[in-house]
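With PDB, C-alpha atoms inside, this is query28.pdb:
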```
MODEL        1
ATOM      1  CA  MET A   1     -10.378 -39.062 -54.161  1.00  0.00           C
ATOM      2  CA  PRO A   2     -12.970 -40.000 -51.494  1.00  0.00           C
ATOM      3  CA  GLN A   3     -12.385 -43.205 -49.603  1.00  0.00           C
ATOM      4  CA  ARG A   4     -14.936 -45.960 -49.752  1.00  0.00           C
ATOM      5  CA  PRO A   5     -16.129 -47.381 -46.464  1.00  0.00           C
ATOM      6  CA  PRO A   6     -15.304 -51.047 -45.847  1.00  0.00           C
ATOM      7  CA  PRO A   7     -17.941 -53.569 -46.935  1.00  0.00           C
ATOM      8  CA  MET A   8     -20.663 -54.159 -44.348  1.00  0.00           C
ATOM      9  CA  LEU A   9     -22.310 -57.524 -44.804  1.00  0.00           C
ATOM     10  CA  THR A  10     -25.635 -58.428 -43.247  1.00  0.00           C
ATOM     11  CA  ALA A  11     -26.888 -61.984 -42.818  1.00  0.00           C
ATOM     12  CA  ASP A  12     -29.183 -61.437 -45.846  1.00  0.00           C
ATOM     13  CA  THR A  13     -26.294 -60.242 -47.996  1.00  0.00           C
ATOM     14  CA  ALA A  14     -24.194 -63.231 -46.942  1.00  0.00           C
ATOM     15  CA  LYS A  15     -27.067 -65.577 -47.828  1.00  0.00           C
ATOM     16  CA  ASN A  16     -27.445 -63.914 -51.234  1.00  0.00           C
ATOM     17  CA  LEU A  17     -23.719 -64.307 -51.907  1.00  0.00           C
ATOM     18  CA  LEU A  18     -23.816 -67.955 -50.847  1.00  0.00           C
ATOM     19  CA  ASN A  19     -26.803 -68.471 -53.166  1.00  0.00           C
ATOM     20  CA  GLY A  20     -24.778 -67.190 -56.112  1.00  0.00           C
ATOM     21  CA  LYS A  21     -25.961 -63.601 -56.467  1.00  0.00           C
ATOM     22  CA  THR A  22     -23.319 -61.308 -57.915  1.00  0.00           C
ATOM     23  CA  GLU A  23     -25.041 -57.969 -57.357  1.00  0.00           C
ATOM     24  CA  VAL A  24     -25.573 -57.184 -53.674  1.00  0.00           C
ATOM     25  CA  SER A  25     -25.437 -54.316 -51.215  1.00  0.00           C
ATOM     26  CA  LEU A  26     -22.154 -53.842 -49.392  1.00  0.00           C
ATOM     27  CA  ASP A  27     -23.341 -50.750 -47.510  1.00  0.00           C
ATOM     28  CA  LEU A  28     -26.485 -51.849 -45.663  1.00  0.00           C
ATOM     29  CA  GLY A  29     -28.815 -51.295 -48.593  1.00  0.00           C
ATOM     30  CA  LEU A  30     -27.726 -47.835 -49.714  1.00  0.00           C
ATOM     31  CA  THR A  31     -26.332 -49.027 -53.050  1.00  0.00           C
ATOM     32  CA  THR A  32     -25.603 -52.250 -54.882  1.00  0.00           C
ATOM     33  CA  ALA A  33     -22.278 -53.484 -56.156  1.00  0.00           C
ATOM     34  CA  ARG A  34     -21.215 -56.215 -58.513  1.00  0.00           C
ATOM     35  CA  VAL A  35     -18.945 -58.856 -56.955  1.00  0.00           C
ATOM     36  CA  ASN A  36     -16.896 -61.700 -58.432  1.00  0.00           C
ATOM     37  CA  ARG A  37     -17.148 -65.269 -57.220  1.00  0.00           C
ATOM     38  CA  THR A  38     -13.943 -67.273 -56.933  1.00  0.00           C
ATOM     39  CA  LYS A  39     -13.293 -70.870 -55.914  1.00  0.00           C
ATOM     40  CA  ASN A  40     -12.312 -69.724 -52.407  1.00  0.00           C
ATOM     41  CA  GLY A  41     -14.908 -67.026 -51.823  1.00  0.00           C
ATOM     42  CA  VAL A  42     -16.129 -63.703 -53.145  1.00  0.00           C
ATOM     43  CA  GLU A  43     -14.098 -60.737 -54.329  1.00  0.00           C
ATOM     44  CA  LEU A  44     -15.991 -57.775 -52.897  1.00  0.00           C
ATOM     45  CA  ASN A  45     -13.745 -55.199 -54.533  1.00  0.00           C
ATOM     46  CA  PRO A  46     -10.198 -55.260 -55.940  1.00  0.00           C
ATOM     47  CA  ARG A  47      -8.687 -55.163 -52.440  1.00  0.00           C
ATOM     48  CA  GLU A  48     -11.121 -57.181 -50.333  1.00  0.00           C
ATOM     49  CA  ASN A  49     -12.191 -60.809 -50.439  1.00  0.00           C
ATOM     50  CA  ILE A  50     -14.257 -62.961 -48.136  1.00  0.00           C
ATOM     51  CA  ASP A  51     -14.135 -66.738 -47.958  1.00  0.00           C
ATOM     52  CA  TYR A  52     -17.206 -68.972 -47.999  1.00  0.00           C
ATOM     53  CA  VAL A  53     -16.735 -70.137 -44.398  1.00  0.00           C
ATOM     54  CA  SER A  54     -16.889 -66.524 -43.178  1.00  0.00           C
ATOM     55  CA  LEU A  55     -20.003 -65.899 -45.281  1.00  0.00           C
ATOM     56  CA  GLU A  56     -21.658 -68.942 -43.705  1.00  0.00           C
ATOM     57  CA  LYS A  57     -20.846 -67.613 -40.233  1.00  0.00           C
ATOM     58  CA  ILE A  58     -22.374 -64.234 -41.090  1.00  0.00           C
ATOM     59  CA  ALA A  59     -25.482 -65.923 -42.524  1.00  0.00           C
ATOM     60  CA  GLU A  60     -25.830 -68.032 -39.356  1.00  0.00           C
ATOM     61  CA  LYS A  61     -25.634 -64.934 -37.173  1.00  0.00           C
ATOM     62  CA  GLU A  62     -29.172 -64.027 -38.223  1.00  0.00           C
ATOM     63  CA  LYS A  63     -30.472 -67.204 -36.594  1.00  0.00           C
ATOM     64  CA  LEU A  64     -28.753 -66.263 -33.348  1.00  0.00           C
ATOM     65  CA  GLU A  65     -30.114 -62.715 -33.526  1.00  0.00           C
ATOM     66  CA  ASP A  66     -33.625 -64.066 -34.105  1.00  0.00           C
ATOM     67  CA  GLU A  67     -33.289 -66.360 -31.102  1.00  0.00           C
ATOM     68  CA  VAL A  68     -32.027 -63.525 -28.896  1.00  0.00           C
ATOM     69  CA  ASN A  69     -34.952 -61.345 -30.020  1.00  0.00           C
ATOM     70  CA  ARG A  70     -37.438 -64.140 -29.245  1.00  0.00           C
ATOM     71  CA  ILE A  71     -35.931 -64.543 -25.777  1.00  0.00           C
ATOM     72  CA  ARG A  72     -36.107 -60.786 -25.173  1.00  0.00           C
ATOM     73  CA  LYS A  73     -39.767 -60.690 -26.221  1.00  0.00           C
ATOM     74  CA  ALA A  74     -40.579 -63.660 -24.001  1.00  0.00           C
ATOM     75  CA  ARG A  75     -38.855 -61.993 -21.062  1.00  0.00           C
ATOM     76  CA  GLU A  76     -40.882 -58.800 -21.621  1.00  0.00           C
ATOM     77  CA  VAL A  77     -44.134 -60.770 -21.745  1.00  0.00           C
ATOM     78  CA  LEU A  78     -43.186 -62.635 -18.578  1.00  0.00           C
ATOM     79  CA  LYS A  79     -42.161 -59.401 -16.854  1.00  0.00           C
ATOM     80  CA  LYS A  80     -45.496 -57.764 -17.724  1.00  0.00           C
ATOM     81  CA  TRP A  81     -47.377 -60.840 -16.524  1.00  0.00           C
ATOM     82  CA  VAL A  82     -45.505 -60.821 -13.185  1.00  0.00           C
ATOM     83  CA  GLU A  83     -46.127 -57.080 -12.805  1.00  0.00           C
ATOM     84  CA  SER A  84     -49.830 -57.510 -13.519  1.00  0.00           C
ATOM     85  CA  ARG A  85     -50.041 -60.350 -10.976  1.00  0.00           C
ATOM     86  CA  ASN A  86     -48.246 -58.212  -8.384  1.00  0.00           C
ATOM     87  CA  ASN A  87     -50.539 -55.252  -9.115  1.00  0.00           C
ATOM     88  CA  ASN A  88     -53.552 -57.518  -8.880  1.00  0.00           C
ATOM     89  CA  LYS A  89     -52.415 -58.886  -5.495  1.00  0.00           C
ATOM     90  CA  GLU A  90     -51.754 -55.362  -4.198  1.00  0.00           C
ATOM     91  CA  SER A  91     -55.180 -54.177  -5.279  1.00  0.00           C
ATOM     92  CA  LYS A  92     -56.845 -57.182  -3.580  1.00  0.00           C
ATOM     93  CA  VAL A  93     -54.934 -56.462  -0.369  1.00  0.00           C
ATOM     94  CA  SER A  94     -55.945 -52.782  -0.558  1.00  0.00           C
ATOM     95  CA  MET A  95     -59.589 -53.743  -1.080  1.00  0.00           C
ATOM     96  CA  LEU A  96     -59.410 -56.153   1.848  1.00  0.00           C
ATOM     97  CA  ARG A  97     -57.960 -53.411   4.087  1.00  0.00           C
ATOM     98  CA  LEU A  98     -60.692 -51.023   3.040  1.00  0.00           C
ATOM     99  CA  SER A  99     -63.380 -53.556   3.861  1.00  0.00           C
ATOM    100  CA  LEU A 100     -62.051 -54.048   7.405  1.00  0.00           C
TER     101      LEU A 100
ENDMDL
END
```
Write-out of the structure in structure tokens:
Amino acid sequence: MPQRPPPMLTADTAKNLLNGKTEVSLDLGLTTARVNRTKNGVELNPRENIDYVSLEKIAEKEKLEDEVNRIRKAREVLKKWVESRNNNKESKVSMLRLSL
């Protein structure tokens, strides 16, 4: 009998579970599975459960990932701006040298 991989929950899946959905993907969108809600959390399969606090932490992770991505993009824009300013200064110096 083939073994099933462990559940892999994304921030979206965690949000869906917290919002009461009972049919979600536990394998990054490849398939969907039916889960059971309990008073303490969600039964993902007969052997694995996750509590609501852990689901909230997973759902929050998306906000952190978004913030990290925004910072990375801002750094790239700033880096390109600095490079363009440096290139511009170098070209002005080269032009000045040529004119002398």
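With only C-alpha atoms as the basis for measurement, A:Leu18 is the residue among A:Ser25, A:Pro7, A:Leu18, A:Arg34 that approaches Asp51 of chain A most closely.
With distances taken over all atoms listed in the file, A:Leu9 is the one residue among A:Ser54, A:Leu9, A:Ile71, A:Ala59 lying closest to Asp27 of chain A.
Among the candidates A:Asn45, A:Lys39, A:Asn69, A:Glu62, the one nearest to Thr13 of chain A when counting all atoms listed in the file is A:Glu62.
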Atom CA of Leu28 of chain A sits from atom CA of Ala11 of chain A at a separation of 10.5 Å
(request) Mind checking which residues fall within 10 Å of Val35 of chain A, counting all atoms listed in the file, ignoring those fewer than 6 positions away in the same chain, and posting them as number ranges by chain? (result) A: 17, 21-26, 42-46, 49
